[in-house]
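Visitor: Below is final-v3.json; it holds JSON, C-alpha atoms and all ligand atoms.
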```json
[["chain", "number", "residue", "atom", "x", "y", "z"],
["A", 29, "MET", "CA", 48.23, -20.89, 154.89],
["A", 30, "LEU", "CA", 48.30, -17.26, 155.98],
["A", 31, "ASN", "CA", 50.50, -16.33, 158.91],
["A", 32, "LEU", "CA", 48.06, -14.37, 161.05],
["A", 33, "THR", "CA", 50.63, -13.59, 163.73],
["A", 34, "SER", "CA", 52.96, -11.58, 161.52],
["A", 35, "PRO", "CA", 52.29, -7.82, 161.62],
["A", 36, "ALA", "CA", 53.36, -7.52, 157.96],
["A", 37, "ALA", "CA", 50.98, -10.31, 156.85],
["A", 38, "VAL", "CA", 48.05, -8.87, 158.83],
["A", 39, "ARG", "CA", 48.74, -5.40, 157.44],
["A", 40, "ALA", "CA", 48.88, -6.79, 153.89],
["A", 41, "LEU", "CA", 45.69, -8.81, 154.37],
["A", 42, "LEU", "CA", 43.75, -5.80, 155.64],
["A", 43, "LEU", "CA", 45.17, -3.57, 152.88],
["A", 44, "GLU", "CA", 44.24, -6.09, 150.19],
["A", 45, "ARG", "CA", 40.62, -5.99, 151.43],
["A", 46, "GLY", "CA", 40.60, -2.23, 151.88],
["A", 47, "ILE", "CA", 39.99, -2.60, 155.63],
["A", 48, "LYS", "CA", 41.30, 0.19, 157.84],
["A", 49, "PRO", "CA", 41.27, -0.90, 161.53],
["A", 50, "LYS", "CA", 38.62, 1.04, 163.47],
["A", 51, "LYS", "CA", 39.82, 2.56, 166.72],
["A", 52, "ARG", "CA", 36.22, 2.93, 167.83],
["A", 53, "LEU", "CA", 35.84, -0.88, 167.79],
["A", 54, "GLY", "CA", 39.16, -1.47, 169.57],
["A", 55, "GLN", "CA", 40.66, -3.16, 166.51],
["A", 56, "ASN", "CA", 44.19, -3.98, 167.65],
["A", 57, "PHE", "CA", 45.04, -7.46, 166.41],
["A", 58, "LEU", "CA", 47.23, -9.84, 168.39],
["A", 59, "VAL", "CA", 50.40, -10.62, 166.42],
["A", 60, "ASN", "CA", 52.46, -12.33, 169.12],
["A", 61, "PRO", "CA", 52.27, -16.14, 168.91],
["A", 62, "GLY", "CA", 53.55, -16.49, 172.51],
["A", 63, "VAL", "CA", 50.53, -14.54, 173.79],
["A", 64, "LEU", "CA", 48.15, -16.72, 171.75],
["A", 65, "GLU", "CA", 49.69, -19.83, 173.29],
["A", 66, "LYS", "CA", 49.41, -18.39, 176.80],
["A", 67, "THR", "CA", 45.74, -17.62, 176.21],
["A", 68, "VAL", "CA", 44.94, -21.07, 174.84],
["A", 69, "THR", "CA", 46.85, -22.77, 177.68],
["A", 70, "ALA", "CA", 45.04, -20.67, 180.31],
["A", 71, "ALA", "CA", 41.71, -21.83, 178.86],
["A", 72, "GLY", "CA", 42.76, -25.50, 179.40],
["A", 73, "LEU", "CA", 40.90, -26.65, 176.30],
["A", 74, "SER", "CA", 39.99, -30.19, 175.29],
["A", 75, "PRO", "CA", 37.85, -31.62, 172.46],
["A", 76, "GLY", "CA", 34.84, -31.72, 174.83],
["A", 77, "ASP", "CA", 34.90, -27.92, 175.18],
["A", 78, "THR", "CA", 32.79, -25.34, 173.41],
["A", 79, "VAL", "CA", 34.36, -21.89, 173.31],
["A", 80, "VAL", "CA", 32.69, -18.59, 172.56],
["A", 81, "GLU", "CA", 35.19, -16.07, 171.23],
["A", 82, "ILE", "CA", 34.14, -12.43, 171.36],
["A", 83, "GLY", "CA", 35.71, -10.23, 168.65],
["A", 84, "PRO", "CA", 37.72, -12.71, 166.54],
["A", 85, "GLY", "CA", 39.24, -9.92, 164.40],
["A", 86, "VAL", "CA", 41.24, -11.57, 161.60],
["A", 87, "GLY", "CA", 41.04, -14.99, 163.26],
["A", 88, "ALA", "CA", 44.53, -15.65, 164.68],
["A", 89, "LEU", "CA", 43.25, -16.68, 168.11],
["A", 90, "THR", "CA", 40.15, -18.33, 166.64],
["A", 91, "ALA", "CA", 42.31, -20.71, 164.57],
["A", 92, "ARG", "CA", 44.36, -21.75, 167.64],
["A", 93, "LEU", "CA", 41.16, -22.26, 169.66],
["A", 94, "ALA", "CA", 39.67, -24.39, 166.87],
["A", 95, "GLU", "CA", 42.74, -26.64, 166.92],
["A", 96, "THR", "CA", 42.20, -27.55, 170.59],
["A", 97, "ALA", "CA", 38.48, -27.14, 171.40],
["A", 98, "GLY", "CA", 35.57, -29.15, 170.02],
["A", 99, "LYS", "CA", 33.60, -26.14, 168.82],
["A", 100, "VAL", "CA", 34.31, -22.41, 168.54],
["A", 101, "ILE", "CA", 31.55, -19.85, 168.18],
["A", 102, "ALA", "CA", 33.03, -16.52, 167.12],
["A", 103, "VAL", "CA", 30.97, -13.33, 167.53],
["A", 104, "GLU", "CA", 32.19, -10.36, 165.48],
["A", 105, "VAL", "CA", 30.37, -7.04, 165.07],
["A", 106, "ASP", "CA", 32.31, -5.73, 162.04],
["A", 107, "ARG", "CA", 30.81, -7.01, 158.79],
["A", 108, "ARG", "CA", 34.08, -6.40, 156.89],
["A", 109, "LEU", "CA", 35.91, -8.75, 159.28],
["A", 110, "VAL", "CA", 33.15, -11.38, 159.15],
["A", 111, "ALA", "CA", 33.65, -11.55, 155.36],
["A", 112, "LEU", "CA", 37.42, -11.84, 155.82],
["A", 113, "LEU", "CA", 37.05, -14.50, 158.54],
["A", 114, "GLN", "CA", 34.97, -16.64, 156.19],
["A", 115, "ASP", "CA", 38.19, -16.99, 154.19],
["A", 116, "THR", "CA", 40.85, -17.11, 156.93],
["A", 117, "LEU", "CA", 38.86, -19.73, 158.86],
["A", 118, "SER", "CA", 37.57, -21.76, 155.92],
["A", 119, "GLY", "CA", 39.81, -24.68, 156.90],
["A", 120, "TYR", "CA", 38.14, -25.01, 160.33],
["A", 121, "PRO", "CA", 34.74, -26.72, 160.06],
["A", 122, "ASN", "CA", 34.27, -26.54, 163.84],
["A", 123, "VAL", "CA", 34.14, -22.70, 163.80],
["A", 124, "PHE", "CA", 30.71, -21.02, 163.73],
["A", 125, "LEU", "CA", 30.83, -17.36, 162.76],
["A", 126, "GLU", "CA", 28.14, -14.98, 163.96],
["A", 127, "GLU", "CA", 27.88, -11.35, 162.95],
["A", 128, "ALA", "CA", 26.52, -9.70, 166.09],
["A", 129, "ASP", "CA", 27.11, -7.15, 168.82],
["A", 130, "ALA", "CA", 28.36, -9.00, 171.93],
["A", 131, "LEU", "CA", 26.52, -6.50, 174.12],
["A", 132, "GLN", "CA", 23.21, -7.76, 172.70],
["A", 133, "THR", "CA", 23.97, -11.44, 172.07],
["A", 134, "ASP", "CA", 22.14, -14.28, 173.78],
["A", 135, "PHE", "CA", 25.23, -16.46, 174.21],
["A", 136, "ASP", "CA", 23.38, -19.50, 175.60],
["A", 137, "GLY", "CA", 20.99, -19.37, 172.63],
["A", 138, "LEU", "CA", 23.90, -19.17, 170.20],
["A", 139, "VAL", "CA", 25.70, -22.13, 171.78],
["A", 140, "ALA", "CA", 22.47, -24.21, 171.69],
["A", 141, "GLU", "CA", 21.90, -23.27, 168.03],
["A", 142, "ALA", "CA", 25.43, -24.38, 167.12],
["A", 143, "GLY", "CA", 24.95, -27.68, 169.01],
["A", 144, "GLY", "CA", 27.68, -26.72, 171.51],
["A", 145, "ALA", "CA", 28.30, -28.16, 174.99],
["A", 146, "PHE", "CA", 27.20, -26.56, 178.28],
["A", 147, "PRO", "CA", 28.68, -25.03, 180.37],
["A", 148, "TYR", "CA", 31.04, -23.40, 177.91],
["A", 149, "LYS", "CA", 34.14, -21.20, 178.01],
["A", 150, "VAL", "CA", 34.54, -17.62, 176.82],
["A", 151, "VAL", "CA", 37.85, -16.43, 175.37],
["A", 152, "ALA", "CA", 38.32, -12.89, 174.15],
["A", 153, "ASN", "CA", 40.80, -10.18, 173.45],
["A", 154, "LEU", "CA", 38.32, -7.51, 174.36],
["A", 155, "PRO", "CA", 37.96, -4.09, 172.82],
["A", 156, "TYR", "CA", 38.64, -1.62, 175.62],
["A", 157, "TYR", "CA", 35.46, 0.40, 175.19],
["A", 158, "VAL", "CA", 33.28, -2.62, 175.88],
["A", 159, "THR", "CA", 35.19, -4.41, 178.67],
["A", 160, "THR", "CA", 33.32, -3.35, 181.80],
["A", 161, "PRO", "CA", 29.71, -3.43, 180.49],
["A", 162, "LEU", "CA", 30.37, -6.74, 178.73],
["A", 163, "LEU", "CA", 31.99, -8.33, 181.77],
["A", 164, "ILE", "CA", 29.08, -7.25, 183.97],
["A", 165, "ARG", "CA", 26.61, -8.59, 181.40],
["A", 166, "LEU", "CA", 28.41, -11.94, 181.07],
["A", 167, "LEU", "CA", 28.45, -12.43, 184.85],
["A", 168, "GLN", "CA", 25.03, -11.01, 185.65],
["A", 169, "SER", "CA", 22.87, -12.59, 182.97],
["A", 170, "GLY", "CA", 22.91, -16.20, 184.20],
["A", 171, "PHE", "CA", 24.65, -17.45, 181.03],
["A", 172, "ARG", "CA", 26.02, -20.98, 181.52],
["A", 173, "ILE", "CA", 29.71, -20.06, 181.38],
["A", 174, "LYS", "CA", 32.31, -21.99, 183.39],
["A", 175, "LEU", "CA", 35.49, -20.10, 182.59],
["A", 176, "MET", "CA", 36.60, -16.88, 180.92],
["A", 177, "VAL", "CA", 40.06, -16.03, 179.66],
["A", 178, "LEU", "CA", 40.14, -12.36, 178.78],
["A", 179, "THR", "CA", 42.80, -10.00, 177.50],
["A", 180, "VAL", "CA", 41.96, -6.58, 178.86],
["A", 181, "GLN", "CA", 43.72, -3.31, 179.56],
["A", 182, "ARG", "CA", 46.43, -3.96, 182.18],
["A", 183, "GLU", "CA", 44.91, -1.46, 184.56],
["A", 184, "VAL", "CA", 41.50, -3.18, 184.37],
["A", 185, "ALA", "CA", 43.11, -6.60, 184.93],
["A", 186, "LEU", "CA", 44.74, -5.32, 188.12],
["A", 187, "ARG", "CA", 41.35, -4.09, 189.32],
["A", 188, "LEU", "CA", 39.75, -7.50, 188.73],
["A", 189, "VAL", "CA", 42.27, -9.31, 190.95],
["A", 190, "ALA", "CA", 42.81, -6.49, 193.52],
["A", 191, "ARG", "CA", 42.80, -7.22, 197.25],
["A", 192, "PRO", "CA", 41.11, -4.99, 199.90],
["A", 193, "GLY", "CA", 43.08, -1.91, 200.95],
["A", 194, "THR", "CA", 44.89, -1.44, 197.63],
["A", 195, "LYS", "CA", 44.29, 1.49, 195.30],
["A", 196, "GLU", "CA", 43.08, -0.84, 192.53],
["A", 197, "TYR", "CA", 40.37, -2.39, 194.76],
["A", 198, "GLY", "CA", 36.91, -1.10, 193.83],
["A", 199, "ALA", "CA", 33.30, -2.03, 193.17],
["A", 200, "LEU", "CA", 34.30, -3.98, 190.03],
["A", 201, "SER", "CA", 36.82, -6.07, 192.04],
["A", 202, "VAL", "CA", 34.16, -7.01, 194.59],
["A", 203, "PHE", "CA", 31.59, -7.86, 191.92],
["A", 204, "VAL", "CA", 34.01, -10.04, 189.91],
["A", 205, "GLN", "CA", 35.34, -11.79, 193.02],
["A", 206, "TYR", "CA", 31.78, -12.48, 194.19],
["A", 207, "LYS", "CA", 31.03, -14.28, 190.92],
["A", 208, "THR", "CA", 34.43, -15.77, 189.98],
["A", 209, "LYS", "CA", 37.91, -16.76, 191.14],
["A", 210, "PRO", "CA", 40.15, -14.41, 189.18],
["A", 211, "ASP", "CA", 43.85, -14.98, 188.36],
["A", 212, "LEU", "CA", 46.32, -12.81, 186.53],
["A", 213, "VAL", "CA", 47.89, -14.97, 183.81],
["A", 214, "GLY", "CA", 50.39, -12.43, 182.53],
["A", 215, "VAL", "CA", 51.05, -8.94, 181.22],
["A", 216, "VAL", "CA", 50.95, -8.36, 177.44],
["A", 217, "SER", "CA", 53.01, -5.47, 176.12],
["A", 218, "ARG", "CA", 51.38, -3.08, 173.64],
["A", 219, "GLY", "CA", 53.94, -4.18, 171.01],
["A", 220, "SER", "CA", 52.12, -7.54, 170.76],
["A", 221, "PHE", "CA", 49.34, -5.87, 168.75],
["A", 222, "TYR", "CA", 48.92, -4.41, 165.27],
["A", 223, "PRO", "CA", 48.21, -1.50, 165.19],
["A", 224, "VAL", "CA", 50.05, -0.77, 168.47],
["A", 225, "PRO", "CA", 47.58, 0.55, 171.11],
["A", 226, "ALA", "CA", 48.35, 3.29, 173.64],
["A", 227, "VAL", "CA", 48.38, 0.99, 176.69],
["A", 228, "ASP", "CA", 49.61, -2.44, 177.79],
["A", 229, "SER", "CA", 47.20, -5.32, 178.36],
["A", 230, "ALA", "CA", 47.03, -8.38, 180.58],
["A", 231, "ILE", "CA", 45.42, -11.80, 180.41],
["A", 232, "VAL", "CA", 43.06, -12.73, 183.25],
["A", 233, "ARG", "CA", 41.48, -16.07, 183.93],
["A", 234, "LEU", "CA", 38.09, -15.99, 185.66],
["A", 235, "ALA", "CA", 36.82, -19.34, 186.93],
["A", 236, "VAL", "CA", 33.07, -18.80, 187.34],
["A", 237, "ARG", "CA", 31.85, -19.95, 190.77],
["A", 238, "SER", "CA", 28.93, -22.37, 190.80],
["A", 239, "ASP", "CA", 27.81, -20.62, 194.01],
["A", 240, "PRO", "CA", 28.70, -17.02, 194.82],
["A", 241, "ALA", "CA", 31.67, -16.46, 197.17],
["A", 242, "VAL", "CA", 29.36, -15.28, 199.99],
["A", 243, "ILE", "CA", 25.70, -15.87, 200.75],
["A", 244, "VAL", "CA", 23.41, -12.83, 200.87],
["A", 245, "PRO", "CA", 19.61, -12.61, 200.68],
["A", 246, "ASP", "CA", 19.71, -9.98, 197.90],
["A", 247, "ASP", "CA", 22.78, -9.48, 195.74],
["A", 248, "GLN", "CA", 21.48, -6.25, 194.17],
["A", 249, "LEU", "CA", 21.41, -4.78, 197.67],
["A", 250, "LEU", "CA", 24.96, -6.05, 198.27],
["A", 251, "PHE", "CA", 26.14, -4.20, 195.14],
["A", 252, "ARG", "CA", 24.32, -1.01, 196.15],
["A", 253, "ILE", "CA", 26.16, -1.11, 199.49],
["A", 254, "VAL", "CA", 29.47, -1.78, 197.72],
["A", 255, "ARG", "CA", 28.96, 1.09, 195.27],
["A", 256, "ALA", "CA", 27.95, 3.48, 198.07],
["A", 257, "SER", "CA", 31.01, 2.48, 200.13],
["A", 258, "PHE", "CA", 33.39, 3.19, 197.23],
["A", 259, "ALA", "CA", 31.58, 6.30, 195.96],
["A", 260, "LYS", "CA", 33.38, 8.65, 198.37],
["A", 261, "ARG", "CA", 36.82, 7.12, 198.78],
["A", 262, "ARG", "CA", 38.09, 9.76, 201.17],
["A", 263, "LYS", "CA", 35.16, 9.46, 203.57],
["A", 264, "THR", "CA", 34.81, 7.02, 206.42],
["A", 265, "LEU", "CA", 32.50, 4.08, 205.75],
["A", 266, "LEU", "CA", 29.93, 5.53, 208.15],
["A", 267, "ASN", "CA", 29.87, 8.89, 206.34],
["A", 268, "ALA", "CA", 29.72, 7.24, 202.92],
["A", 269, "LEU", "CA", 26.77, 5.00, 203.87],
["A", 270, "ALA", "CA", 24.90, 7.67, 205.85],
["A", 271, "GLY", "CA", 25.20, 10.05, 202.87],
["A", 272, "SER", "CA", 24.07, 7.42, 200.33],
["A", 273, "SER", "CA", 20.68, 6.82, 198.73],
["A", 274, "LEU", "CA", 20.26, 3.61, 200.77],
["A", 275, "GLY", "CA", 18.06, 5.64, 203.09],
["A", 276, "LEU", "CA", 18.96, 4.85, 206.71],
["A", 277, "ASP", "CA", 19.92, 7.34, 209.36],
["A", 278, "ARG", "CA", 23.48, 7.66, 210.63],
["A", 279, "GLU", "CA", 22.82, 5.98, 214.00],
["A", 280, "THR", "CA", 21.23, 2.92, 212.37],
["A", 281, "TRP", "CA", 24.22, 2.56, 210.05],
["A", 282, "ARG", "CA", 26.57, 2.86, 213.01],
["A", 283, "LEU", "CA", 24.72, 0.07, 214.80],
["A", 284, "ILE", "CA", 24.76, -2.16, 211.70],
["A", 285, "LEU", "CA", 28.51, -1.69, 211.26],
["A", 286, "VAL", "CA", 29.24, -2.35, 214.93],
["A", 287, "ARG", "CA", 27.06, -5.48, 214.88],
["A", 288, "ALA", "CA", 28.98, -6.64, 211.79],
["A", 289, "GLY", "CA", 32.21, -6.19, 213.75],
["A", 290, "ILE", "CA", 33.37, -3.33, 211.50],
["A", 291, "ASP", "CA", 34.85, -0.10, 212.87],
["A", 292, "PRO", "CA", 32.60, 2.68, 211.38],
["A", 293, "GLN", "CA", 35.68, 4.87, 210.96],
["A", 294, "ARG", "CA", 37.24, 2.50, 208.42],
["A", 295, "ARG", "CA", 37.28, 3.40, 204.72],
["A", 296, "GLY", "CA", 35.02, 1.41, 202.41],
["A", 297, "GLU", "CA", 37.95, 0.23, 200.30],
["A", 298, "THR", "CA", 39.37, -1.80, 203.23],
["A", 299, "LEU", "CA", 36.33, -4.10, 203.52],
["A", 300, "THR", "CA", 36.53, -7.70, 202.42],
["A", 301, "LEU", "CA", 33.74, -9.32, 200.44],
["A", 302, "GLU", "CA", 32.72, -11.23, 203.60],
["A", 303, "GLU", "CA", 32.43, -7.93, 205.51],
["A", 304, "PHE", "CA", 30.29, -6.35, 202.77],
["A", 305, "ALA", "CA", 28.08, -9.46, 202.93],
["A", 306, "ALA", "CA", 27.72, -9.12, 206.72],
["A", 307, "VAL", "CA", 26.54, -5.51, 206.26],
["A", 308, "ALA", "CA", 24.07, -6.60, 203.54],
["A", 309, "ARG", "CA", 22.59, -9.34, 205.77],
["A", 310, "LEU", "CA", 22.14, -6.96, 208.72],
["A", 311, "LEU", "CA", 20.59, -4.33, 206.48],
["A", 312, "VAL", "CA", 17.98, -6.84, 205.28],
["A", 313, "LEU", "CA", 17.20, -7.77, 208.90],
["A", 314, "GLN", "CA", 16.90, -4.08, 209.76],
["A", 315, "GLN", "CA", 14.48, -3.51, 206.85],
["A", 316, "ARG", "CA", 12.33, -6.41, 208.08],
["A", 317, "GLU", "CA", 12.07, -5.02, 211.64],
["B", 401, "LIG", "N1", 40.62, -11.54, 168.66],
["B", 401, "LIG", "C1", 41.38, -10.72, 167.73],
["B", 401, "LIG", "C2", 42.84, -10.77, 168.12],
["B", 401, "LIG", "O1", 43.13, -11.19, 169.24],
["B", 401, "LIG", "O2", 43.66, -10.37, 167.30],
["B", 401, "LIG", "C3", 40.88, -9.27, 167.68],
["B", 401, "LIG", "C4", 40.84, -8.51, 168.96],
["B", 401, "LIG", "S1", 40.44, -6.80, 168.79],
["B", 401, "LIG", "C5", 41.17, -6.16, 170.28],
["B", 401, "LIG", "C6", 38.73, -6.67, 169.22],
["B", 401, "LIG", "C7", 37.74, -7.26, 168.20],
["B", 401, "LIG", "O3", 36.42, -7.13, 168.75],
["B", 401, "LIG", "C8", 37.71, -6.58, 166.86],
["B", 401, "LIG", "O4", 37.69, -7.55, 165.85],
["B", 401, "LIG", "C9", 36.38, -5.79, 166.86],
["B", 401, "LIG", "O5", 35.82, -5.59, 165.60],
["B", 401, "LIG", "C10", 35.52, -6.68, 167.73],
["B", 401, "LIG", "N2", 34.41, -5.99, 168.41],
["B", 401, "LIG", "C11", 34.38, -4.71, 168.85],
["B", 401, "LIG", "N3", 33.20, -4.45, 169.46],
["B", 401, "LIG", "C12", 32.48, -5.61, 169.41],
["B", 401, "LIG", "C13", 31.17, -5.96, 169.85],
["B", 401, "LIG", "N4", 30.38, -5.08, 170.49],
["B", 401, "LIG", "N5", 30.73, -7.22, 169.63],
["B", 401, "LIG", "C14", 31.53, -8.12, 168.99],
["B", 401, "LIG", "N6", 32.78, -7.83, 168.53],
["B", 401, "LIG", "C15", 33.24, -6.59, 168.75]]
```
The structure given in the file should be rewritten as structure tokens.
Guide:
Amino acid sequence: MLNLTSPAAVRALLLERGIKPKKRLGQNFLVNPGVLEKTVTAAGLSPGDTVVEIGPGVGALTARLAETAGKVIAVEVDRRLVALLQDTLSGYPNVFLEEADALQTDFDGLVAEAGGAFPYKVVANLPYYVTTPLLIRLLQSGFRIKLMVLTVQREVALRLVARPGTKEYGALSVFVQYKTKPDLVGVVSRGSFYPVPAVDSAIVRLAVRSDPAVIVPDDQLLFRIVRASFAKRRKTLLNALAGSSLGLDRETWRLILVRAGIDPQRRGETLTLEEFAAVARLLVLQQRE
């Protein structure tokens, strides 16, 4: 059996197949068994679970997932790696390999096709270039996902779990915290990968909420308010909203903020999710008047 967590073995395997890791596809393979264990433990897998793995690479994590979950559906965009995975994972009949771009994949459809269980879990060591659009797509699309365990750039992980008033807190934090309960599982040093990337990573665990964290009549409007509030970080909330494309005059915004119990002179990045929701509710009432 190949040792997929040894940098020398992974290098030799890739060399033998003439595969040069592509930077463009974020191909840095995990070669630290401790990090694999942490990831699998964070996913809390049992034989009843179906896991979708995005970007299986050479299959080190996929094999560990297959040992604990009932079914693993691995989505890899690089044809060269799909061919290699057919060999490295040949001893795991519960792994379903799919050559596809995760940004285009209908994950629910894939799980149904493979006879997997709903809701399912997503585990991935994500390529950096795809992290934010993919995360937004996974949370926005209504896919039946209950939990995600993701290895992402450390800086992105800190943004996902950031609290109001910190420099990491931004529109992505609010969006992710609206949809999930995020936890930082641990930091992963760049030396855990082959080839070694330029930055450190971290594992985050996102428990998808069955109902959003706050109730608003229109969540697209909530996110427009959030984006407008963070767009001009050095402005007061009142100036940021009055100068936004949301289209209300300054006095109306002032009244909305005061009615929501928010000092208009505060900065957008100090607002909690509940406060953003209060603004969204009052804005909808205002539009109805
Ligand atoms: N899971 C492996 C590991 O932990 O060693 C590999 C992780 S590597 C950081 C990212 C993987 O995602 C690569 O195998 C890459 O080819 C794949 N990938 C990149 N873009 C993708 C996309 N749009 N859809 C699916 N897989 C993608």
Visitor: Kindly assemble as CSV a list of the chain A residues that lie within 9 Å of ligand LIG 401 (chain B), each paired with its nearest atom pair and their distance in Å to one decimal, using all atoms listed in the file, sorted first by chain and then by ascending residue number.
Guide:
```
residue,atom,partner,partner_atom,distance
A:Leu32,CA,B:LIG401,O2,8.6
A:Thr33,CA,B:LIG401,O2,8.5
A:Pro49,CA,B:LIG401,O5,8.3
A:Lys50,CA,B:LIG401,O5,7.5
A:Arg52,CA,B:LIG401,C11,7.9
A:Leu53,CA,B:LIG401,C11,4.2
A:Gly54,CA,B:LIG401,C5,5.2
A:Gln55,CA,B:LIG401,S1,4.3
A:Asn56,CA,B:LIG401,C5,4.6
A:Phe57,CA,B:LIG401,O2,3.3
A:Leu58,CA,B:LIG401,O2,3.8
A:Val59,CA,B:LIG401,O2,6.8
A:Leu64,CA,B:LIG401,O1,7.9
A:Glu81,CA,B:LIG401,N1,7.5
A:Ile82,CA,B:LIG401,C14,5.6
A:Gly83,CA,B:LIG401,O3,3.2
A:Pro84,CA,B:LIG401,N1,3.8
A:Gly85,CA,B:LIG401,O4,3.2
A:Val86,CA,B:LIG401,C1,6.2
A:Gly87,CA,B:LIG401,C1,6.2
A:Ala88,CA,B:LIG401,O2,6.0
A:Leu89,CA,B:LIG401,O1,5.6
A:Thr90,CA,B:LIG401,N1,7.1
A:Ala102,CA,B:LIG401,C14,8.7
A:Val103,CA,B:LIG401,C14,5.4
A:Glu104,CA,B:LIG401,N6,4.0
A:Val105,CA,B:LIG401,C14,4.2
A:Asp106,CA,B:LIG401,O5,5.0
A:Arg107,CA,B:LIG401,O5,8.6
A:Arg108,CA,B:LIG401,O5,8.9
A:Leu109,CA,B:LIG401,O4,6.9
A:Val110,CA,B:LIG401,O4,9.0
A:Glu127,CA,B:LIG401,C14,7.8
A:Ala128,CA,B:LIG401,C14,6.0
A:Asp129,CA,B:LIG401,N5,3.7
A:Ala130,CA,B:LIG401,N5,3.8
A:Leu131,CA,B:LIG401,N4,5.5
A:Gln132,CA,B:LIG401,N4,8.0
A:Thr133,CA,B:LIG401,N5,8.3
A:Val151,CA,B:LIG401,N1,8.8
A:Ala152,CA,B:LIG401,N1,6.1
A:Asn153,CA,B:LIG401,C4,4.8
A:Leu154,CA,B:LIG401,C5,5.2
A:Pro155,CA,B:LIG401,C6,4.5
A:Tyr156,CA,B:LIG401,C5,7.5
A:Tyr157,CA,B:LIG401,N3,7.8
A:Val158,CA,B:LIG401,N4,6.6
A:Leu162,CA,B:LIG401,N4,8.4
A:Thr179,CA,B:LIG401,C5,8.3
A:Val180,CA,B:LIG401,C5,8.6
A:Phe221,CA,B:LIG401,O2,7.4
A:Tyr222,CA,B:LIG401,O2,8.2
```
Visitor: Can you pull out the residues contacting region 240-248 of chain A? Cut-off 6 Å, using all atoms listed in the file, and skip same-chain residues under 2 positions away; I want them as a list in words.
Guide: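 Residues near the query, excluding close chain neighbours: Tyr206, Lys207, Arg237, Leu250 and Phe251 of chain A.
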Visitor: Can those selected residues be exported to a file as a CSV table (one decimal), in the frame of the given file so that it contains C-alpha atoms?
Guide:
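Produced file selection_28.csv, reproduced below:
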```csv
chain,number,residue,atom,x,y,z
A,206,TYR,CA,31.8,-12.5,194.2
A,207,LYS,CA,31.0,-14.3,190.9
A,237,ARG,CA,31.8,-20.0,190.8
A,250,LEU,CA,25.0,-6.0,198.3
A,251,PHE,CA,26.1,-4.2,195.1
```
Visitor: Mind giving me the straight-line distance from CA of Pro161 (chain A) to CA of Leu311 (chain A) in Å, one decimal?
Guide: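 So the answer is 27.6 Å.
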Visitor: Select, from A:Val224, A:Ala288, A:Leu276, A:Leu112, the residue with the minimum atom-to-atom distance to Ala306 (chain A), counting all atoms listed in the file.
Guide: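 Of A:Val224, A:Ala288, A:Leu276, A:Leu112, the one nearest Ala306 (chain A) is A:Ala288, counting all atoms listed in the file.
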Visitor: Rounded to one decimal, what separation in Å do you get between CA of Leu30 (chain A) and CA of Val63 (chain A)?
Guide: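 Interatomic distance, CA of Leu30 (chain A) to CA of Val63 (chain A): 18.2 Å.
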Visitor: Just how far from CA of Ala142 (chain A) is CA of Gln168 (chain A), in Å to one decimal?
Guide: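 Answer for the CA of Gln168 (chain A) to CA of Ala142 (chain A) separation: 22.9 Å.
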Visitor: For a cut-off of 10 Å around (45.4, -28.1, 172.3), file coordinates, pick out all residues using only C-alpha atoms and list them as a ChimeraX atom specification.
Guide: /A:65,68-69,71-75,92-97
Visitor: Restricting the calculation to only C-alpha atoms: of A:Thr208, A:Ser169, A:Thr300, A:Thr78, which residue gets closest to Asp134 (chain A)?
Guide: A:Ser169
Visitor: Can you tell me, as a PDB file with C-alpha atoms, keeping the file's coordinate frame, what residues are no more than 9 Å from Ala270 (chain A) when counting all atoms listed in the file, ignoring any on the same chain fewer than 6 positions away?
Guide:
```pdb
ATOM      1  CA  LEU A 276      18.960   4.850 206.710  1.00  0.00           C
ATOM      2  CA  ASP A 277      19.920   7.340 209.360  1.00  0.00           C
ATOM      3  CA  ARG A 278      23.480   7.660 210.630  1.00  0.00           C
ATOM      4  CA  GLU A 279      22.820   5.980 214.000  1.00  0.00           C
ATOM      5  CA  THR A 280      21.230   2.920 212.370  1.00  0.00           C
ATOM      6  CA  TRP A 281      24.220   2.560 210.050  1.00  0.00           C
ATOM      7  CA  ARG A 282      26.570   2.860 213.010  1.00  0.00           C
TER       8      ARG A 282
END
```
Visitor: Measuring between only C-alpha atoms, which one of A:Ala190, A:Gln205, A:Thr67, A:Val80 shows the shortest distance to Phe171 (chain A)?
Guide: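 Of the candidates, the smallest distance to Phe171 (chain A) is held by A:Val80.
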